[in-house]
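Student: Structure file input_39.txt, compact mmCIF, C-alpha atoms, is pasted below:
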# COMPACT_ATOMS: atom_id res chain seq x y z
CA MET A 1 24.41 8.08 -1.40
CA ASN A 2 25.74 11.54 -2.23
CA GLY A 3 29.38 12.53 -2.49
CA THR A 4 32.50 10.44 -2.00
CA PRO A 5 31.98 6.89 -0.69
CA ALA A 6 32.77 6.85 3.02
CA GLU A 7 34.78 3.63 2.73
CA ASP A 8 37.23 5.51 0.50
CA LEU A 9 37.75 8.22 3.13
CA HIS A 10 39.00 5.97 5.94
CA PRO A 11 41.00 2.73 5.87
CA PRO A 12 39.49 -0.30 7.67
CA GLY A 13 40.76 -1.55 11.04
CA VAL A 14 41.50 1.92 12.46
CA LYS A 15 40.44 2.59 16.05
CA ARG A 16 37.44 4.90 16.06
CA PHE A 17 35.02 6.53 18.46
CA GLY A 18 32.04 8.70 17.63
CA THR A 19 28.65 9.88 18.83
CA ILE A 20 25.54 9.29 16.74
CA ALA A 21 22.19 10.99 17.47
CA ILE A 22 19.01 9.07 16.68
CA VAL A 23 16.28 11.61 15.94
CA GLY A 24 12.80 11.66 14.45
CA ARG A 25 9.19 12.43 15.18
CA PRO A 26 7.42 10.34 17.85
CA ASN A 27 6.75 6.66 17.18
CA VAL A 28 9.06 6.09 14.20
CA GLY A 29 11.06 3.42 16.05
CA LYS A 30 14.06 5.29 17.41
CA SER A 31 14.31 3.33 20.66
CA THR A 32 13.78 0.01 18.89
CA LEU A 33 16.62 0.95 16.54
CA LEU A 34 18.92 1.83 19.45
CA ASN A 35 18.23 -1.49 21.16
CA SER A 36 18.93 -3.39 17.95
CA LEU A 37 22.16 -1.51 17.32
CA VAL A 38 23.62 -2.15 20.79
CA GLY A 39 22.27 -5.71 20.87
CA GLN A 40 20.42 -5.36 24.17
CA LYS A 41 17.34 -3.56 25.42
CA ILE A 42 18.32 -0.39 27.25
CA SER A 43 15.75 2.06 25.87
CA ILE A 44 12.09 1.51 26.70
CA THR A 45 9.47 1.10 23.99
CA SER A 46 5.69 1.21 23.78
CA ASP A 47 2.97 2.17 21.32
CA LYS A 48 2.30 5.33 23.33
CA ALA A 49 3.77 8.46 21.75
CA GLN A 50 6.45 10.35 23.70
CA THR A 51 7.60 7.20 25.54
CA THR A 52 11.24 8.33 25.38
CA ARG A 53 11.80 11.53 27.42
CA HIS A 54 15.51 11.62 28.15
CA ARG A 55 18.78 11.57 26.29
CA LEU A 56 19.97 7.98 26.63
CA LEU A 57 23.43 6.86 25.57
CA GLY A 58 23.73 3.32 24.22
CA LEU A 59 27.26 1.98 23.77
CA LEU A 60 28.60 -0.75 21.51
CA THR A 61 32.25 -1.74 21.07
CA GLU A 62 33.03 -3.97 18.12
CA GLY A 63 36.62 -4.65 17.16
CA PRO A 64 38.44 -1.31 16.92
CA VAL A 65 35.23 0.76 16.83
CA GLN A 66 33.17 2.15 19.69
CA PHE A 67 29.74 3.55 18.84
CA ALA A 68 27.98 5.95 21.24
CA PHE A 69 24.33 6.19 20.17
CA VAL A 70 22.29 9.05 21.60
CA ASP A 71 18.60 8.12 21.74
CA THR A 72 16.47 11.25 21.98
CA PRO A 73 12.78 11.98 22.62
CA GLY A 74 10.54 12.35 19.61
CA PHE A 75 10.52 16.06 18.81
CA GLN A 76 7.31 17.58 20.18
CA LEU A 77 5.54 19.52 17.45
CA ARG A 78 2.13 20.23 18.94
CA HIS A 79 2.52 20.37 22.72
CA THR A 80 3.62 23.41 24.71
CA ARG A 81 3.77 22.03 28.25
CA ALA A 82 6.95 22.45 30.27
CA LEU A 83 7.65 18.72 29.92
CA ASN A 84 7.51 18.94 26.12
CA ARG A 85 9.77 22.00 26.01
CA ALA A 86 12.33 20.17 28.14
CA MET A 87 12.21 17.17 25.79
CA ASN A 88 12.74 19.40 22.76
CA ARG A 89 15.78 21.03 24.36
CA THR A 90 17.21 17.55 24.81
CA VAL A 91 16.84 16.88 21.08
CA THR A 92 18.40 20.15 19.89
CA ALA A 93 21.32 19.84 22.32
CA ALA A 94 22.08 16.32 21.11
CA LEU A 95 22.12 17.42 17.47
CA ALA A 96 24.68 20.12 18.16
CA GLU A 97 27.14 17.80 19.86
CA VAL A 98 27.27 14.59 17.80
CA ASP A 99 29.47 13.43 14.92
CA LEU A 100 26.66 11.87 12.89
CA VAL A 101 22.85 11.95 12.79
CA LEU A 102 20.48 9.05 12.11
CA TRP A 103 17.26 10.73 11.02
CA VAL A 104 14.58 8.07 11.36
CA VAL A 105 11.38 8.16 9.29
CA GLU A 106 8.87 5.51 8.26
CA ALA A 107 9.68 3.90 4.92
CA GLY A 108 7.52 5.37 2.18
CA GLN A 109 6.50 8.39 4.27
CA LEU A 110 8.01 11.82 4.77
CA ASN A 111 5.37 14.14 6.14
CA ALA A 112 5.47 17.71 7.42
CA ASP A 113 6.36 16.60 10.94
CA ASP A 114 9.33 14.61 9.63
CA ALA A 115 10.45 17.65 7.64
CA ARG A 116 10.33 19.86 10.73
CA VAL A 117 12.58 17.43 12.57
CA GLY A 118 14.95 17.34 9.59
CA ALA A 119 15.12 21.13 9.64
CA LEU A 120 16.62 20.97 13.15
CA ILE A 121 19.72 19.15 11.92
CA PRO A 122 22.62 21.63 11.72
CA PRO A 123 23.77 22.38 8.14
CA GLY A 124 26.77 20.31 7.15
CA LYS A 125 26.20 17.65 9.84
CA PRO A 126 26.65 14.18 8.27
CA THR A 127 23.16 12.69 8.18
CA ILE A 128 21.94 9.19 7.35
CA LEU A 129 18.22 8.98 6.66
CA VAL A 130 16.96 5.67 8.07
CA ALA A 131 13.76 4.55 6.34
CA ASN A 132 12.47 2.29 9.12
CA LYS A 133 9.59 -0.22 9.23
CA LEU A 134 10.47 -1.56 5.80
CA ASP A 135 8.70 -4.79 6.72
CA ARG A 136 5.40 -2.88 6.75
CA VAL A 137 5.76 -1.67 3.15
CA HIS A 138 3.56 -3.95 1.05
CA SER A 139 4.42 -2.48 -2.35
CA ARG A 140 8.17 -2.26 -2.92
CA GLU A 141 7.51 -0.92 -6.43
CA ARG A 142 6.10 2.27 -4.88
CA LEU A 143 9.06 2.55 -2.51
CA LEU A 144 11.71 2.92 -5.22
CA PRO A 145 10.43 6.26 -6.61
CA TRP A 146 10.16 7.55 -3.02
CA LEU A 147 13.79 6.62 -2.34
CA GLN A 148 14.88 8.15 -5.64
CA GLY A 149 13.14 11.38 -4.68
CA LEU A 150 15.00 11.48 -1.38
CA GLY A 151 18.26 10.96 -3.23
CA ALA A 152 17.91 14.45 -4.65
CA ASN A 153 18.36 15.89 -1.15
CA LYS A 154 22.04 16.89 -1.06
CA ALA A 155 21.94 17.27 2.73
CA LEU A 156 21.62 13.49 3.14
CA THR A 157 24.86 11.54 3.32
CA GLU A 158 23.19 8.14 2.99
CA ILE A 159 19.69 6.67 2.70
CA VAL A 160 19.22 3.28 4.36
CA PRO A 161 15.92 1.37 4.19
CA LEU A 162 15.61 -1.24 6.96
CA SER A 163 13.54 -2.82 9.69
CA ALA A 164 14.93 -1.90 13.11
CA ARG A 165 13.66 -5.17 14.57
CA LYS A 166 15.90 -7.26 12.30
CA PRO A 167 19.42 -7.90 13.70
CA ALA A 168 20.84 -8.30 10.19
CA ASP A 169 19.60 -4.83 9.24
CA ALA A 170 21.11 -3.33 12.39
CA LYS A 171 24.45 -4.97 11.61
CA ARG A 172 24.33 -3.62 8.07
CA LEU A 173 23.68 -0.11 9.39
CA LEU A 174 26.67 -0.39 11.76
CA GLY A 175 28.87 -1.10 8.77
CA ILE A 176 27.54 1.98 6.99
CA ILE A 177 28.06 4.19 10.06
CA THR A 178 31.62 3.07 10.85
CA PRO A 179 33.57 5.04 8.22
CA TYR A 180 31.96 8.30 9.34
CA LEU A 181 33.25 8.05 12.92
CA PRO A 182 36.43 9.97 13.79
CA GLU A 183 39.66 8.12 14.39
CA GLY A 184 40.77 8.17 18.02
CA ASP A 185 40.58 6.55 21.44
CA TRP A 186 37.32 5.26 22.84
CA GLY A 187 35.33 7.37 25.26
CA TYR A 188 34.13 4.51 27.48
CA ASP A 189 35.18 1.08 28.75
CA ALA A 190 34.79 -1.65 26.16
CA GLU A 191 32.22 -3.46 28.37
CA ALA A 192 30.04 -0.38 28.99
CA LEU A 193 26.47 -0.54 27.73
CA THR A 194 25.16 2.90 28.73
CA ASP A 195 26.17 5.98 30.70
CA ARG A 196 23.00 5.79 32.79
CA SER A 197 22.81 4.39 36.32
CA GLU A 198 20.82 1.36 37.42
CA ARG A 199 18.57 3.76 39.33
CA PHE A 200 17.68 5.58 36.11
CA LEU A 201 17.16 2.33 34.20
CA ALA A 202 14.88 1.02 36.96
CA ALA A 203 12.63 4.09 36.60
CA GLU A 204 12.52 3.69 32.83
CA ILE A 205 11.61 0.00 33.03
CA LEU A 206 8.76 0.73 35.45
CA ARG A 207 7.51 3.57 33.22
CA GLU A 208 7.53 1.25 30.20
CA LYS A 209 5.37 -1.32 32.00
CA LEU A 210 3.05 1.47 33.13
CA PHE A 211 2.60 2.66 29.55
CA ARG A 212 2.26 -0.82 28.09
CA LEU A 213 -0.31 -2.04 30.60
CA THR A 214 -2.49 1.09 30.66
CA GLY A 215 -2.54 1.61 26.89
CA ASP A 216 -4.18 4.81 25.70
CA GLU A 217 -6.21 5.18 28.89
CA LEU A 218 -3.46 6.92 30.85
CA PRO A 219 -2.11 10.32 29.72
CA TYR A 220 1.56 10.30 28.75
CA SER A 221 2.28 12.91 31.45
CA SER A 222 2.46 10.24 34.15
CA ALA A 223 5.96 9.84 35.61
CA VAL A 224 8.04 7.50 37.77
CA LEU A 225 10.26 8.55 40.66
CA ILE A 226 12.74 6.23 42.35
CA GLU A 227 12.57 7.27 45.99
CA ARG A 228 15.00 4.66 47.31
CA PHE A 229 17.60 2.49 45.59
CA GLU A 230 19.80 0.43 47.89
CA GLU A 231 22.18 -2.45 47.30
CA GLU A 232 22.37 -5.13 49.97
CA GLY A 233 24.96 -7.57 48.69
CA THR A 234 23.60 -8.61 45.29
CA LEU A 235 20.02 -7.57 46.18
CA ARG A 236 18.61 -4.30 44.80
CA ARG A 237 15.97 -2.88 47.15
CA ILE A 238 13.92 -0.30 45.23
CA ALA A 239 11.04 1.94 46.28
CA ALA A 240 9.27 3.80 43.47
CA ALA A 241 6.33 6.17 43.05
CA ILE A 242 4.17 6.48 39.95
CA VAL A 243 3.06 10.12 39.72
CA VAL A 244 -0.18 11.03 37.93
CA GLU A 245 -2.10 14.30 37.59
CA ARG A 246 -5.60 13.23 38.70
CA ASP A 247 -7.17 10.91 41.26
CA GLY A 248 -9.03 9.20 38.41
CA HIS A 249 -5.69 8.34 36.83
CA LYS A 250 -4.51 6.93 40.15
CA ALA A 251 -7.46 4.55 40.29
CA MET A 252 -6.77 3.57 36.69
CA VAL A 253 -3.17 2.60 37.49
CA ILE A 254 -4.11 0.66 40.61
CA GLY A 255 -6.94 -1.22 38.91
CA ALA A 256 -9.69 -3.34 40.45
CA GLY A 257 -8.41 -4.85 43.66
CA GLY A 258 -4.94 -3.51 42.93
CA GLU A 259 -4.45 -6.08 40.15
CA ARG A 260 -3.12 -3.71 37.49
CA LEU A 261 -0.53 -2.15 39.80
CA LYS A 262 0.51 -5.63 40.90
CA ARG A 263 1.05 -6.71 37.30
CA ILE A 264 2.96 -3.51 36.45
CA SER A 265 5.22 -4.05 39.47
CA THR A 266 5.80 -7.75 38.79
CA GLU A 267 6.70 -7.28 35.12
CA ALA A 268 9.01 -4.38 36.00
CA ARG A 269 10.76 -6.37 38.73
CA LEU A 270 11.37 -9.34 36.45
CA GLU A 271 12.88 -7.16 33.72
CA MET A 272 15.08 -5.31 36.23
CA GLN A 273 16.38 -8.66 37.45
CA ARG A 274 17.27 -9.68 33.89
CA LEU A 275 19.03 -6.40 33.15
CA PHE A 276 20.89 -6.12 36.48
CA ASP A 277 21.53 -9.88 36.68
CA ALA A 278 20.61 -9.66 40.36
CA PRO A 279 17.55 -10.17 42.61
CA VAL A 280 15.28 -7.15 43.03
CA PHE A 281 12.82 -6.27 45.81
CA LEU A 282 10.48 -3.63 44.38
CA GLU A 283 7.83 -1.56 46.16
CA VAL A 284 5.57 0.66 44.05
CA TRP A 285 2.80 3.07 45.00
CA VAL A 286 0.84 5.77 43.16
CA LYS A 287 0.75 9.50 43.96
CA THR A 288 -1.28 12.38 42.57
CA ARG A 289 0.40 15.71 41.75
CA SER A 290 -1.90 17.97 39.80
CA GLY A 291 -0.40 19.87 36.87
CA TRP A 292 3.21 18.75 37.36
CA ALA A 293 3.89 18.56 33.60
CA ASP A 294 3.09 22.30 33.28
CA ASP A 295 5.33 23.26 36.21
CA GLN A 296 8.89 24.01 35.12
CA ARG A 297 10.27 23.45 38.64
CA ALA A 298 8.49 20.10 38.94
CA VAL A 299 9.70 19.04 35.50
CA ARG A 300 13.27 19.82 36.56
CA ALA A 301 12.84 18.07 39.92
CA PHE A 302 11.54 14.98 38.13
CA GLY A 303 14.76 14.79 36.11
CA TYR A 304 13.66 16.14 32.73
CA GLU A 305 16.46 18.67 32.30
CA ASP A 306 19.45 16.78 30.89
Transcribe the structure of this file into structure tokens.
Tutor:
Amino acid sequence: MNGTPAEDLHPPGVKRFGTIAIVGRPNVGKSTLLNSLVGQKISITSDKAQTTRHRLLGLLTEGPVQFAFVDTPGFQLRHTRALNRAMNRTVTAALAEVDLVLWVVEAGQLNADDARVGALIPPGKPTILVANKLDRVHSRERLLPWLQGLGANKALTEIVPLSARKPADAKRLLGIITPYLPEGDWGYDAEALTDRSERFLAAEILREKLFRLTGDELPYSSAVLIERFEEEGTLRRIAAAIVVERDGHKAMVIGAGGERLKRISTEARLEMQRLFDAPVFLEVWVKTRSGWADDQRAVRAFGYED
């Protein structure tokens, strides 16, 4: 750590509220970290790069402290499509507005793409470098010199090695974050988990299952639109469209005899029911819209301008 210890700056037990951006290049574990920090899955995850596309607020209230974590898309370094530009604007806007930044990298690695993300952080913004995926580091002896080298970076407020999948590590990080949050009233109800609607979360859950069950076969530019979301008593009645760019992609999503689409829909429905704690009737079909990810108006219509 550089500078004055944060625990000396603020007394314990004071009511606090602050916003914390989680940023990094694609696939470093930002969404997994958010889910661990709030203690419940609200941000979708998959092995496919660029899974996260929106700014997603995850809320946690513990004792006198309310944390508002802003999960952001992985900053797009090589793509120039309208969708990627929209995602990058989401990242830069989040960095400008928050109280603290969690810059997530993979433990033992800090490549040129990581450095370009780090360069986006406004000068003077308190920044904790989170060295994630510590469980994948086989030689801890090689990690220490790497951490010592990072310690020379005066722009970093803290350096925290951890594994985002471990609840104990997430709890430890919460304790490190707390003193950096401003004193003041909370911004949300104590029971709130996110600022996003059930309609939005339903689309994200379906997109996660789409990505997970198609693997690398399907281009990341596929999207999900919720065309109807109705509540009938406790029942959620949802109609959704998976949008792809080519007819070949449509066949890929549907699968032989419709089996893949059926599995995607079933897994999505079951997870929605767990999250909403309510029965869900879900209808899903697949549509083709050529070139939508290059069309700025389509990107905006599909909800990628936060």
Student: Any chance you could tabulate, as JSON lines, the residues of segment 107-202 of chain A at most 7 Å from segment 10-29 of chain A with each one's nearest atom pair and distance in Å to one decimal, using only C-alpha atoms, in chain and rising number order?
Tutor:
{"residue": "A:Asp113", "atom": "CA", "partner": "A:Arg25", "partner_atom": "CA", "distance": 6.6}
{"residue": "A:Asp114", "atom": "CA", "partner": "A:Arg25", "partner_atom": "CA", "distance": 6.0}
{"residue": "A:Val117", "atom": "CA", "partner": "A:Gly24", "partner_atom": "CA", "distance": 6.1}
{"residue": "A:Pro179", "atom": "CA", "partner": "A:His10", "partner_atom": "CA", "distance": 6.0}
{"residue": "A:Leu181", "atom": "CA", "partner": "A:Gly18", "partner_atom": "CA", "distance": 4.9}
{"residue": "A:Pro182", "atom": "CA", "partner": "A:Arg16", "partner_atom": "CA", "distance": 5.6}
{"residue": "A:Glu183", "atom": "CA", "partner": "A:Arg16", "partner_atom": "CA", "distance": 4.3}
{"residue": "A:Gly184", "atom": "CA", "partner": "A:Arg16", "partner_atom": "CA", "distance": 5.1}
{"residue": "A:Asp185", "atom": "CA", "partner": "A:Phe17", "partner_atom": "CA", "distance": 6.3}
{"residue": "A:Trp186", "atom": "CA", "partner": "A:Phe17", "partner_atom": "CA", "distance": 5.1}
{"residue": "A:Gly187", "atom": "CA", "partner": "A:Phe17", "partner_atom": "CA", "distance": 6.9}
Student: With all atoms of segment 206-215 of chain A from the file as input, state the centre and edge lengths in Å to one decimal of the axis-aligned box that has 8 Å extra on each side, as AutoDock Vina command-line options.
Tutor:
--center_x 3.1 --center_y 0.8 --center_z 31.2 --size_x 27.3 --size_y 21.6 --size_z 24.6
Student: Any idea what the distance is between atom CA of Asp195 of chain A and atom CA of Phe67 of chain A?
Tutor: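 The value is 12.6 Å.
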Student: Between atom CA of Gly233 of chain A and atom CA of Asp277 of chain A, what is the distance, to one decimal in Å?
Tutor: 12.7 Å
Student: What is the atom CA of Arg207 of chain A-atom CA of Ile242 of chain A distance in Å, reported with one decimal?
Tutor: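 Computed distance, atom CA of Arg207 of chain A to atom CA of Ile242 of chain A, equals 8.1 Å.
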Student: Out of A:Thr194, A:Ser163, A:Gln148, A:Asn132, which residue has the shortest atom-to-atom distance to Thr61 of chain A when counting only C-alpha atoms?
Tutor: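 Of A:Thr194, A:Ser163, A:Gln148, A:Asn132, the one nearest Thr61 of chain A is A:Thr194, counting only C-alpha atoms.
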Student: Residues within 8 Å of (23.2, 10.5, 20.9), file coordinates, counting all atoms listed in the file: what are they? Give the list as a VMD selection string.
Tutor: chain A and resid 19 to 22 55 to 58 68 to 72 94 to 95 98
Student: Counting only C-alpha atoms, select every polymer residue within 7 Å of (22.9, 0.3, 20.5) as defined in the file's coordinates, and provide the selection as a list in words.
Tutor: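 Those residues lying close to the given coordinates are Leu34, Asn35, Ser36, Leu37, Val38, Gly39, Gly58, Leu59, Leu60 and Phe69 of chain A.
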Student: Under the rule that all atoms listed in the file are counted, which of A:Ala115, A:Ile42, A:Ala251, A:Leu173 is the nearest residue to Ser197 of chain A?
Tutor: A:Ile42
Student: Could you tell me which of A:Ala192, A:Ala164, A:Ile159, A:Ala241 comes closest to Trp103 of chain A if we count all atoms listed in the file?
Tutor: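 Going through A:Ala192, A:Ala164, A:Ile159, A:Ala241 one by one, the smallest distance to Trp103 of chain A is for A:Ile159.
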Student: With distances taken over only C-alpha atoms, which residue among A:Ile176, A:Glu62, A:Lys133, A:Arg228 lies nearest Leu100 of chain A?
Tutor: A:Ile176
Student: Using all atoms listed in the file, can you tell me which of A:Lys209, A:Arg269, A:Thr178, A:Ala202 comes closest to Val65 of chain A?
Tutor: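 Comparing A:Lys209, A:Arg269, A:Thr178, A:Ala202 against Val65 of chain A, the winner is A:Thr178.
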Student: Could you tell me which of A:Arg142, A:Lys30, A:Arg274, A:Lys154 comes closest to Glu106 of chain A if we count all atoms listed in the file?
Tutor: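 Checking each candidate against Glu106 of chain A, we get A:Lys30 as the closest.
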Student: Would you list the contacts of Pro145 of chain A as a PyMOL selection string, taking every protein, DNA or RNA residue within 12 Å and counting only C-alpha atoms, but skipping same-chain residues closer than 5 positions in sequence?
Tutor: chain A and resi 107-109+139-140+150-152
